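The file input_10.pdb contains PDB, C-alpha atoms:
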ATOM      1  CA  MET A   1      94.604-139.918-158.521
ATOM      2  CA  LYS A   2      95.535-141.186-155.093
ATOM      3  CA  ARG A   3      93.209-142.952-152.653
ATOM      4  CA  PHE A   4      93.958-143.520-149.000
ATOM      5  CA  VAL A   5      92.590-143.240-145.469
ATOM      6  CA  MET A   6      94.276-140.788-143.090
ATOM      7  CA  THR A   7      92.286-141.037-139.852
ATOM      8  CA  ALA A   8      95.235-141.565-137.483
ATOM      9  CA  LEU A   9      97.345-138.941-139.215
ATOM     10  CA  ALA A  10      94.475-136.463-139.081
ATOM     11  CA  VAL A  11      94.039-136.910-135.304
ATOM     12  CA  VAL A  12      97.729-136.246-134.662
ATOM     13  CA  PHE A  13      97.669-133.325-137.063
ATOM     14  CA  LEU A  14      94.695-131.709-135.323
ATOM     15  CA  SER A  15      96.467-131.892-131.952
ATOM     16  CA  ILE A  16      99.564-130.197-133.351
ATOM     17  CA  ALA A  17      97.481-127.516-135.092
ATOM     18  CA  SER A  18      95.600-126.705-131.874
ATOM     19  CA  PHE A  19      98.890-126.115-130.066
ATOM     20  CA  ALA A  20     100.279-124.041-132.947
ATOM     21  CA  SER A  21      97.243-121.761-133.032
ATOM     22  CA  ASP A  22      98.106-120.387-129.583
ATOM     23  CA  LYS A  23     101.111-118.594-131.074
ATOM     24  CA  TYR A  24      99.161-116.724-133.721
ATOM     25  CA  LYS A  25      97.881-113.169-133.713
ATOM     26  CA  PHE A  26      94.651-112.201-135.445
ATOM     27  CA  ASP A  27      93.465-109.127-137.299
ATOM     28  CA  ASN A  28      89.724-109.662-137.675
ATOM     29  CA  ASN A  29      86.772-108.209-139.547
ATOM     30  CA  ILE A  30      88.763-106.376-142.214
ATOM     31  CA  ALA A  31      86.673-104.941-145.072
ATOM     32  CA  TYR A  32      88.137-105.889-148.451
ATOM     33  CA  LYS A  33      85.648-104.046-150.671
ATOM     34  CA  GLY A  34      85.210-100.312-150.450
ATOM     35  CA  THR A  35      81.469 -99.730-150.572
ATOM     36  CA  GLU A  36      78.590 -97.816-149.036
ATOM     37  CA  ASP A  37      76.199-100.745-149.460
ATOM     38  CA  PRO A  38      75.397-102.101-145.957
ATOM     39  CA  TYR A  39      75.055-105.747-147.034
ATOM     40  CA  THR A  40      78.328-105.761-148.943
ATOM     41  CA  SER A  41      80.081-104.025-146.073
ATOM     42  CA  GLN A  42      78.736-106.609-143.633
ATOM     43  CA  MET A  43      79.628-109.703-145.652
ATOM     44  CA  CYS A  44      82.791-108.806-147.561
ATOM     45  CA  ARG A  45      85.216-109.075-144.683
ATOM     46  CA  LEU A  46      88.154-111.268-143.790
ATOM     47  CA  ASP A  47      90.285-112.362-140.853
ATOM     48  CA  VAL A  48      94.081-112.694-140.938
ATOM     49  CA  ALA A  49      96.055-115.068-138.709
ATOM     50  CA  TYR A  50      99.798-114.442-138.619
ATOM     51  CA  LYS A  51     102.945-114.599-136.523
ATOM     52  CA  LYS A  52     105.125-111.598-135.821
ATOM     53  CA  GLY A  53     108.758-111.573-136.845
ATOM     54  CA  VAL A  54     108.421-113.740-139.958
ATOM     55  CA  SER A  55     108.664-112.874-143.640
ATOM     56  CA  ASP A  56     108.233-114.456-147.069
ATOM     57  CA  ARG A  57     105.888-117.117-145.676
ATOM     58  CA  PRO A  58     103.279-119.089-147.643
ATOM     59  CA  VAL A  59      99.726-117.750-147.452
ATOM     60  CA  VAL A  60      96.529-119.813-147.409
ATOM     61  CA  ILE A  61      93.381-117.920-148.375
ATOM     62  CA  TRP A  62      90.379-119.960-147.196
ATOM     63  CA  PHE A  63      86.822-119.729-148.553
ATOM     64  CA  HIS A  64      84.121-121.509-146.547
ATOM     65  CA  GLY A  65      81.361-123.689-147.968
ATOM     66  CA  GLY A  66      77.600-123.376-147.681
ATOM     67  CA  GLY A  67      76.155-123.707-151.165
ATOM     68  CA  LEU A  68      76.622-119.961-151.871
ATOM     69  CA  THR A  69      73.578-119.395-149.655
ATOM     70  CA  GLY A  70      75.094-119.603-146.158
ATOM     71  CA  GLY A  71      78.093-120.458-144.030
ATOM     72  CA  HIS A  72      80.550-118.435-141.987
ATOM     73  CA  ARG A  73      84.066-117.241-142.627
ATOM     74  CA  SER A  74      86.709-118.914-140.528
ATOM     75  CA  VAL A  75      90.431-119.389-140.100
ATOM     76  CA  PRO A  76      90.706-123.188-139.785
ATOM     77  CA  GLN A  77      92.908-124.188-136.862
ATOM     78  CA  GLU A  78      94.217-127.068-138.923
ATOM     79  CA  LEU A  79      96.043-124.576-141.168
ATOM     80  CA  LEU A  80      97.831-122.778-138.347
ATOM     81  CA  GLY A  81     101.348-124.138-138.399
ATOM     82  CA  LYS A  82     104.767-123.657-139.955
ATOM     83  CA  ASP A  83     104.382-119.857-139.583
ATOM     84  CA  TYR A  84     102.011-119.710-142.558
ATOM     85  CA  VAL A  85      99.707-116.714-142.893
ATOM     86  CA  VAL A  86      96.075-117.869-143.037
ATOM     87  CA  VAL A  87      93.172-115.711-144.208
ATOM     88  CA  GLY A  88      89.493-116.598-143.698
ATOM     89  CA  VAL A  89      87.187-114.895-146.189
ATOM     90  CA  GLY A  90      83.492-114.028-146.000
ATOM     91  CA  TYR A  91      81.378-113.221-149.058
ATOM     92  CA  ARG A  92      77.817-112.385-150.086
ATOM     93  CA  PHE A  93      75.085-114.983-150.676
ATOM     94  CA  VAL A  94      72.356-115.859-153.130
ATOM     95  CA  PRO A  95      69.565-114.614-153.395
ATOM     96  CA  ASN A  96      70.889-111.237-152.299
ATOM     97  CA  VAL A  97      73.341-111.186-155.196
ATOM     98  CA  LYS A  98      74.024-113.250-158.318
ATOM     99  CA  VAL A  99      76.599-116.037-158.435
ATOM    100  CA  GLU A 100      78.858-113.970-160.696
ATOM    101  CA  GLU A 101      78.933-111.220-158.064
ATOM    102  CA  ILE A 102      80.021-113.725-155.426
ATOM    103  CA  ILE A 103      82.878-114.821-157.677
ATOM    104  CA  ASP A 104      83.884-111.167-157.868
ATOM    105  CA  ASP A 105      83.874-111.048-154.045
ATOM    106  CA  ALA A 106      86.361-113.921-154.054
ATOM    107  CA  ALA A 107      88.571-112.131-156.575
ATOM    108  CA  ALA A 108      88.450-108.895-154.570
ATOM    109  CA  ALA A 109      89.407-110.727-151.373
ATOM    110  CA  VAL A 110      92.404-112.375-153.033
ATOM    111  CA  ALA A 111      93.435-109.006-154.473
ATOM    112  CA  TRP A 112      93.313-107.471-150.986
ATOM    113  CA  VAL A 113      95.524-110.246-149.651
ATOM    114  CA  TYR A 114      97.926-109.897-152.581
ATOM    115  CA  ASN A 115      98.305-106.175-151.916
ATOM    116  CA  ASN A 116      98.527-106.356-148.116
ATOM    117  CA  VAL A 117      99.943-109.693-147.035
ATOM    118  CA  GLU A 118     103.578-108.675-146.870
ATOM    119  CA  LYS A 119     102.921-106.584-143.765
ATOM    120  CA  TYR A 120     101.741-109.807-142.077
ATOM    121  CA  GLY A 121     104.895-111.688-143.048
ATOM    122  CA  GLY A 122     103.417-113.413-146.085
ATOM    123  CA  SER A 123     104.642-113.560-149.663
ATOM    124  CA  LYS A 124     102.421-112.503-152.557
ATOM    125  CA  SER A 125     104.253-115.076-154.693
ATOM    126  CA  LYS A 126     103.145-117.912-152.371
ATOM    127  CA  LEU A 127      99.352-117.622-152.392
ATOM    128  CA  TYR A 128      97.489-120.916-151.939
ATOM    129  CA  VAL A 129      93.887-120.135-152.798
ATOM    130  CA  ALA A 130      91.688-122.799-151.212
ATOM    131  CA  GLY A 131      88.089-123.475-150.234
ATOM    132  CA  HIS A 132      85.549-126.169-149.426
ATOM    133  CA  SER A 133      82.462-126.980-151.510
ATOM    134  CA  ALA A 134      81.042-123.589-152.606
ATOM    135  CA  GLY A 135      84.405-122.131-151.618
ATOM    136  CA  GLY A 136      86.090-124.711-153.825
ATOM    137  CA  TYR A 137      83.920-123.599-156.730
ATOM    138  CA  LEU A 138      84.884-119.962-156.131
ATOM    139  CA  VAL A 139      88.627-120.594-156.065
ATOM    140  CA  SER A 140      88.434-122.724-159.202
ATOM    141  CA  MET A 141      86.549-119.992-161.038
ATOM    142  CA  ILE A 142      88.968-117.196-160.149
ATOM    143  CA  GLY A 143      91.937-119.468-160.811
ATOM    144  CA  LEU A 144      90.839-120.571-164.283
ATOM    145  CA  ASP A 145      88.672-117.775-165.726
ATOM    146  CA  LYS A 146      91.250-115.005-165.841
ATOM    147  CA  LYS A 147      88.740-112.172-166.268
ATOM    148  CA  TYR A 148      87.880-112.102-162.556
ATOM    149  CA  MET A 149      91.414-111.425-161.304
ATOM    150  CA  ALA A 150      92.206-109.237-164.342
ATOM    151  CA  LYS A 151      89.719-106.695-162.964
ATOM    152  CA  TYR A 152      92.190-106.273-160.074
ATOM    153  CA  ASP A 153      95.327-106.361-162.280
ATOM    154  CA  ILE A 154      96.431-109.773-160.991
ATOM    155  CA  ASP A 155      97.278-112.840-163.068
ATOM    156  CA  PRO A 156      95.851-115.943-161.341
ATOM    157  CA  ASP A 157      98.539-118.028-163.013
ATOM    158  CA  SER A 158     100.879-116.485-160.441
ATOM    159  CA  PHE A 159      99.104-118.300-157.586
ATOM    160  CA  ALA A 160     101.224-120.937-155.890
ATOM    161  CA  ALA A 161      98.232-123.279-156.239
ATOM    162  CA  VAL A 162      94.463-123.431-156.524
ATOM    163  CA  VAL A 163      93.038-125.938-154.021
ATOM    164  CA  PRO A 164      89.336-126.867-154.240
ATOM    165  CA  PHE A 165      88.110-129.173-151.463
ATOM    166  CA  SER A 166      85.102-131.038-152.922
ATOM    167  CA  GLY A 167      84.307-128.077-155.138
ATOM    168  CA  GLN A 168      81.884-128.058-158.034
ATOM    169  CA  SER A 169      83.691-128.108-161.352
ATOM    170  CA  ILE A 170      80.520-127.988-163.427
ATOM    171  CA  THR A 171      78.227-124.957-163.245
ATOM    172  CA  HIS A 172      77.228-124.393-159.616
ATOM    173  CA  PHE A 173      73.748-125.651-158.721
ATOM    174  CA  GLU A 174      72.688-122.162-157.562
ATOM    175  CA  GLN A 175      73.525-120.832-161.023
ATOM    176  CA  ARG A 176      71.602-123.723-162.583
ATOM    177  CA  LYS A 177      68.588-122.906-160.404
ATOM    178  CA  ALA A 178      68.753-119.282-161.571
ATOM    179  CA  LEU A 179      68.617-120.541-165.171
ATOM    180  CA  GLY A 180      65.695-122.850-164.445
ATOM    181  CA  VAL A 181      67.844-125.976-164.736
ATOM    182  CA  ASP A 182      67.338-128.801-162.250
ATOM    183  CA  ILE A 183      70.205-129.004-159.755
ATOM    184  CA  LEU A 184      70.882-132.632-160.740
ATOM    185  CA  THR A 185      71.129-131.797-164.431
ATOM    186  CA  PRO A 186      74.808-131.273-165.330
ATOM    187  CA  LEU A 187      75.691-128.031-167.073
ATOM    188  CA  VAL A 188      79.048-126.822-168.310
ATOM    189  CA  ASP A 189      78.878-123.222-169.463
ATOM    190  CA  GLU A 190      81.025-120.117-168.884
ATOM    191  CA  MET A 191      80.075-120.214-165.181
ATOM    192  CA  SER A 192      81.744-123.604-164.846
ATOM    193  CA  PRO A 193      85.425-124.082-163.904
ATOM    194  CA  MET A 194      85.533-126.988-166.350
ATOM    195  CA  PHE A 195      84.617-124.664-169.212
ATOM    196  CA  HIS A 196      87.873-122.768-168.574
ATOM    197  CA  VAL A 197      90.344-125.669-168.287
ATOM    198  CA  ARG A 198      93.723-124.797-169.777
ATOM    199  CA  GLY A 199      97.240-126.117-169.626
ATOM    200  CA  ASP A 200      98.914-122.916-168.462
ATOM    201  CA  ALA A 201      96.935-122.329-165.250
ATOM    202  CA  ALA A 202      98.472-122.281-161.776
ATOM    203  CA  PRO A 203      99.145-125.660-160.121
ATOM    204  CA  LEU A 204      96.021-127.385-158.839
ATOM    205  CA  LEU A 205      95.555-129.632-155.818
ATOM    206  CA  ILE A 206      92.070-131.115-156.246
ATOM    207  CA  LEU A 207      90.544-132.983-153.300
ATOM    208  CA  SER A 208      87.429-135.143-153.049
ATOM    209  CA  GLY A 209      85.672-137.222-150.432
ATOM    210  CA  ASP A 210      84.872-140.903-150.935
ATOM    211  CA  ARG A 211      83.017-141.362-154.239
ATOM    212  CA  GLU A 212      80.284-143.345-152.457
ATOM    213  CA  LEU A 213      79.843-140.755-149.703
ATOM    214  CA  GLU A 214      80.181-137.493-151.636
ATOM    215  CA  MET A 215      77.168-135.398-152.634
ATOM    216  CA  CYS A 216      75.617-135.356-156.118
ATOM    217  CA  GLY A 217      78.440-137.044-158.029
ATOM    218  CA  ARG A 218      81.015-134.583-156.747
ATOM    219  CA  TYR A 219      83.874-137.102-157.033
ATOM    220  CA  GLU A 220      83.011-137.967-160.636
ATOM    221  CA  GLU A 221      82.845-134.365-161.809
ATOM    222  CA  ASN A 222      86.211-133.633-160.189
ATOM    223  CA  ALA A 223      87.747-136.736-161.757
ATOM    224  CA  TYR A 224      86.576-135.486-165.162
ATOM    225  CA  PHE A 225      87.856-131.994-164.312
ATOM    226  CA  VAL A 226      91.294-133.462-163.645
ATOM    227  CA  ARG A 227      91.218-135.514-166.843
ATOM    228  CA  MET A 228      90.352-132.473-168.971
ATOM    229  CA  LEU A 229      93.059-130.345-167.354
ATOM    230  CA  ARG A 230      95.617-132.999-168.196
ATOM    231  CA  LEU A 231      94.315-133.397-171.742
ATOM    232  CA  LYS A 232      94.711-129.634-172.124
ATOM    233  CA  GLY A 233      98.387-130.101-171.259
ATOM    234  CA  HIS A 234      98.458-129.115-167.592
ATOM    235  CA  LYS A 235     101.540-130.706-166.012
ATOM    236  CA  ASP A 236     100.933-129.908-162.331
ATOM    237  CA  VAL A 237      97.580-131.323-161.223
ATOM    238  CA  THR A 238      97.356-133.494-158.098
ATOM    239  CA  PHE A 239      94.141-135.346-157.225
ATOM    240  CA  TYR A 240      93.216-137.144-153.994
ATOM    241  CA  GLU A 241      90.123-139.091-153.014
ATOM    242  CA  PHE A 242      89.737-139.704-149.270
ATOM    243  CA  ASP A 243      88.264-143.152-148.619
ATOM    244  CA  GLY A 244      85.728-143.210-145.807
ATOM    245  CA  PHE A 245      85.215-139.428-145.696
ATOM    246  CA  GLY A 246      82.025-137.754-146.921
ATOM    247  CA  HIS A 247      81.492-134.270-148.272
ATOM    248  CA  SER A 248      82.060-132.314-145.051
ATOM    249  CA  PRO A 249      84.362-134.708-143.122
ATOM    250  CA  MET A 250      86.825-134.786-146.044
ATOM    251  CA  THR A 251      88.222-131.437-144.926
ATOM    252  CA  THR A 252      90.061-133.169-142.067
ATOM    253  CA  PRO A 253      92.419-135.245-144.231
ATOM    254  CA  GLY A 254      92.301-132.461-146.813
ATOM    255  CA  PHE A 255      93.901-129.961-144.447
ATOM    256  CA  ALA A 256      96.674-132.435-143.645
ATOM    257  CA  VAL A 257      97.377-133.011-147.345
ATOM    258  CA  LEU A 258      97.354-129.272-148.073
ATOM    259  CA  MET A 259      99.852-128.564-145.289
ATOM    260  CA  ARG A 260     102.159-131.292-146.576
ATOM    261  CA  TYR A 261     101.763-130.019-150.151
ATOM    262  CA  ILE A 262     102.791-126.501-149.110
ATOM    263  CA  LYS A 263     105.715-127.776-147.036
ATOM    264  CA  GLU A 264     107.085-129.782-149.957
ATOM    265  CA  ARG A 265     106.889-126.762-152.268
ATOM    266  CA  ASP A 266     108.275-124.277-149.773
ATOM    267  CA  GLU A 267     111.431-126.228-148.971
TER     268      GLU A 267
END
Conversion result in C-alpha cells:
Amino acid sequence: MKRFVMTALAVVFLSIASFASDKYKFDNNIAYKGTEDPYTSQMCRLDVAYKKGVSDRPVVIWFHGGGLTGGHRSVPQELLGKDYVVVGVGYRFVPNVKVEEIIDDAAAAVAWVYNNVEKYGGSKSKLYVAGHSAGGYLVSMIGLDKKYMAKYDIDPDSFAAVVPFSGQSITHFEQRKALGVDILTPLVDEMSPMFHVRGDAAPLLILSGDRELEMCGRYEENAYFVRMLRLKGHKDVTFYEFDGFGHSPMTTPGFAVLMRYIKERDE
C-alpha cells in the first residue's frame, strides 16, 4: 500500500486533461441493452469519447457513483488524454431494480464496449474497467464473480485491470438494506467482491481516500480486500491511499494515478 499527497500534480493534470478533451469526438446516449422496457431503455446508455485515426488504444470504461440509488453517467475530462478511448456508463437504480440486476447492467455495458470498441480505435484486449464508490463496487463484482460476464461470453480475467475508486468490497449497503441488515453491519456474502477473491483474476488497481476522511470504514475494508487477494495468490494488486482526500475528492488524485498506471502498462 502506498500513501502520498498529490495536490500539485492533480492541478497540473487537470489543466492538461482540459486541453486534451478539446480534441475528442463523442458518440452519446448509446443504448447497450436491447429492451422494450422504458426505464431500462432510459438508464442503460453510455457515451463514448474517442479520437479519429487511432487504433489499438487503451479503453477506460467508467461507472459513476451514487450509492446505487442516483448519480449521472459521465466521461471524466481527467481521463481524456494519450488518445485513450473513454466510455461513461449509466445504469438502473434501486428501488426500481435489485442490486443483482444493476450488476448485470454493468456486465452488459462492458460487453457492448468489448464488441464495439475497435471501431472507435480502442482495443478489446486493453479494457480498464473502473468506477467510483457504487461504480467501484460494480466493477469489482463483474471482475471477480465470473458469472456476470460469462452471460455475455466474456472472461473478465482478460480485462487489462479492474480499478475500484473507493468501492465497497463487502456486500453493498443497499443489498444489506434489502436483507434487513443495518448498513453499518459488515456482511460478506455472494454479493460481496471479497467473497470472490481469487489469485487468477485480472490485475487490480485499488484506490482509497484518507482512512480518517473516508466513509463508513471504506479504507479498512479495501485494505482487507487487498490482503485477501494477496493471500489467495494474486500477484498483481496495487493499492493506494490518498492522504488528505475524502470519499469524493479522492477521484482527483485517483484519475492521475490511473492514467499513469495505464501509460506504464501500454508502453
Draw an axis-aligned box over all listed atoms of stretch 63-75 of chain A, pad each side with 8 Å, and write its centre and edge lengths in Å, one decimal, as AutoDock Vina command-line options.
--center_x 82.0 --center_y -120.5 --center_z -146.0 --size_x 32.9 --size_y 22.5 --size_z 27.8
**Message:** For A:Ala223, find every residue with an atom within 12 Å (counting only C-alpha atoms), except residues of its own chain fewer than 5 positions away, and show them as a PyMOL selection string.
**Reply:** chain A and resi 1-2+166-170+194+206-211+217-218+228-230+237-241
Can you pull out every residue within 12 Å of A:Pro249, counting all atoms listed in the file, but drop anything in the same chain fewer than 4 positions away, and send it as a short mmCIF file (atom, residue, chain, number, x, y, z; two decimals) with C-alpha atoms, in the frame of the given file?
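So the final result, stored in result25.cif, reads:
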data_model
loop_
_atom_site.label_atom_id
_atom_site.label_comp_id
_atom_site.auth_asym_id
_atom_site.auth_seq_id
_atom_site.Cartn_x
_atom_site.Cartn_y
_atom_site.Cartn_z
CA MET A 6 94.28 -140.79 -143.09
CA THR A 7 92.29 -141.04 -139.85
CA ALA A 10 94.48 -136.46 -139.08
CA HIS A 132 85.55 -126.17 -149.43
CA SER A 133 82.46 -126.98 -151.51
CA PHE A 165 88.11 -129.17 -151.46
CA SER A 166 85.10 -131.04 -152.92
CA SER A 208 87.43 -135.14 -153.05
CA GLY A 209 85.67 -137.22 -150.43
CA ASP A 210 84.87 -140.90 -150.94
CA LEU A 213 79.84 -140.76 -149.70
CA GLU A 214 80.18 -137.49 -151.64
CA MET A 215 77.17 -135.40 -152.63
CA PHE A 242 89.74 -139.70 -149.27
CA ASP A 243 88.26 -143.15 -148.62
CA GLY A 244 85.73 -143.21 -145.81
CA PHE A 245 85.22 -139.43 -145.70
CA PRO A 253 92.42 -135.24 -144.23
CA GLY A 254 92.30 -132.46 -146.81
CA PHE A 255 93.90 -129.96 -144.45
#
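For the set A:Phe195, A:Pro156, A:Val113, A:Lys263, the residue with the smallest atom-to-atom gap to A:Gly81 is A:Lys263, counting all atoms listed in the file.
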**Fill in**
Among A:Leu187, A:Leu68, A:Val139, A:Val85, A:Lys98 is approached most closely, using all atoms listed in the file, by A:Leu68
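The nearest approach to A:Leu258 among the residues A:Tyr50, A:Tyr120, A:Phe225, A:Tyr128, with all atoms listed in the file taken into account, belongs to A:Tyr128.
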**Prompt:** What gap, in Å, lies between atom CA of A:Glu78 and atom CA of A:Tyr24?
**Reply:** 12.6 Å
List as a short mmCIF file (atom, residue, chain, number, x, y, z; two decimals) with C-alpha atoms, in the coordinates of the input: which residues have an atom within 12 Å of (70.3, -124.0, -160.7), counting all atoms listed in the file?
data_model
loop_
_atom_site.label_atom_id
_atom_site.label_comp_id
_atom_site.auth_asym_id
_atom_site.auth_seq_id
_atom_site.Cartn_x
_atom_site.Cartn_y
_atom_site.Cartn_z
CA GLY A 67 76.16 -123.71 -151.16
CA LEU A 68 76.62 -119.96 -151.87
CA VAL A 94 72.36 -115.86 -153.13
CA PRO A 95 69.56 -114.61 -153.40
CA LYS A 98 74.02 -113.25 -158.32
CA VAL A 99 76.60 -116.04 -158.44
CA ILE A 170 80.52 -127.99 -163.43
CA THR A 171 78.23 -124.96 -163.24
CA HIS A 172 77.23 -124.39 -159.62
CA PHE A 173 73.75 -125.65 -158.72
CA GLU A 174 72.69 -122.16 -157.56
CA GLN A 175 73.53 -120.83 -161.02
CA ARG A 176 71.60 -123.72 -162.58
CA LYS A 177 68.59 -122.91 -160.40
CA ALA A 178 68.75 -119.28 -161.57
CA LEU A 179 68.62 -120.54 -165.17
CA GLY A 180 65.69 -122.85 -164.44
CA VAL A 181 67.84 -125.98 -164.74
CA ASP A 182 67.34 -128.80 -162.25
CA ILE A 183 70.20 -129.00 -159.76
CA LEU A 184 70.88 -132.63 -160.74
CA THR A 185 71.13 -131.80 -164.43
CA PRO A 186 74.81 -131.27 -165.33
CA LEU A 187 75.69 -128.03 -167.07
CA VAL A 188 79.05 -126.82 -168.31
CA MET A 191 80.08 -120.21 -165.18
#
Can you list, as a JSON list (two decimals) with C-alpha atoms, in the frame of the given file, the residues that the PyMOL selection byres ((chain A and resi 118) around 12) selects here?
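To be explicit, this is the file written out as out.json:
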[["chain", "number", "residue", "atom", "x", "y", "z"],
["A", 48, "VAL", "CA", 94.08, -112.69, -140.94],
["A", 50, "TYR", "CA", 99.80, -114.44, -138.62],
["A", 51, "LYS", "CA", 102.94, -114.60, -136.52],
["A", 52, "LYS", "CA", 105.12, -111.60, -135.82],
["A", 53, "GLY", "CA", 108.76, -111.57, -136.84],
["A", 54, "VAL", "CA", 108.42, -113.74, -139.96],
["A", 55, "SER", "CA", 108.66, -112.87, -143.64],
["A", 56, "ASP", "CA", 108.23, -114.46, -147.07],
["A", 57, "ARG", "CA", 105.89, -117.12, -145.68],
["A", 58, "PRO", "CA", 103.28, -119.09, -147.64],
["A", 59, "VAL", "CA", 99.73, -117.75, -147.45],
["A", 84, "TYR", "CA", 102.01, -119.71, -142.56],
["A", 85, "VAL", "CA", 99.71, -116.71, -142.89],
["A", 112, "TRP", "CA", 93.31, -107.47, -150.99],
["A", 113, "VAL", "CA", 95.52, -110.25, -149.65],
["A", 114, "TYR", "CA", 97.93, -109.90, -152.58],
["A", 115, "ASN", "CA", 98.30, -106.18, -151.92],
["A", 116, "ASN", "CA", 98.53, -106.36, -148.12],
["A", 117, "VAL", "CA", 99.94, -109.69, -147.04],
["A", 119, "LYS", "CA", 102.92, -106.58, -143.76],
["A", 120, "TYR", "CA", 101.74, -109.81, -142.08],
["A", 121, "GLY", "CA", 104.90, -111.69, -143.05],
["A", 122, "GLY", "CA", 103.42, -113.41, -146.08],
["A", 123, "SER", "CA", 104.64, -113.56, -149.66],
["A", 124, "LYS", "CA", 102.42, -112.50, -152.56],
["A", 125, "SER", "CA", 104.25, -115.08, -154.69],
["A", 126, "LYS", "CA", 103.14, -117.91, -152.37],
["A", 127, "LEU", "CA", 99.35, -117.62, -152.39]]
Which residues, named as in the file, does the PyMOL selection byres ((chain A and resi 28) around 12) pick out? Answer as a CSV table (one decimal) with C-alpha atoms, in the coordinates of the input.
chain,number,residue,atom,x,y,z
A,25,LYS,CA,97.9,-113.2,-133.7
A,26,PHE,CA,94.7,-112.2,-135.4
A,27,ASP,CA,93.5,-109.1,-137.3
A,29,ASN,CA,86.8,-108.2,-139.5
A,30,ILE,CA,88.8,-106.4,-142.2
A,31,ALA,CA,86.7,-104.9,-145.1
A,32,TYR,CA,88.1,-105.9,-148.5
A,45,ARG,CA,85.2,-109.1,-144.7
A,46,LEU,CA,88.2,-111.3,-143.8
A,47,ASP,CA,90.3,-112.4,-140.9
A,48,VAL,CA,94.1,-112.7,-140.9
A,49,ALA,CA,96.1,-115.1,-138.7
A,50,TYR,CA,99.8,-114.4,-138.6
A,73,ARG,CA,84.1,-117.2,-142.6
A,74,SER,CA,86.7,-118.9,-140.5
A,75,VAL,CA,90.4,-119.4,-140.1
A,86,VAL,CA,96.1,-117.9,-143.0
A,87,VAL,CA,93.2,-115.7,-144.2
A,88,GLY,CA,89.5,-116.6,-143.7
A,89,VAL,CA,87.2,-114.9,-146.2
A,90,GLY,CA,83.5,-114.0,-146.0
**Prompt:** For this file, the PyMOL selection byres ((chain A and resi 234) around 10) selects which residues, as number ranges by chain?
**Reply:** A: 197-204, 226-233, 235-237
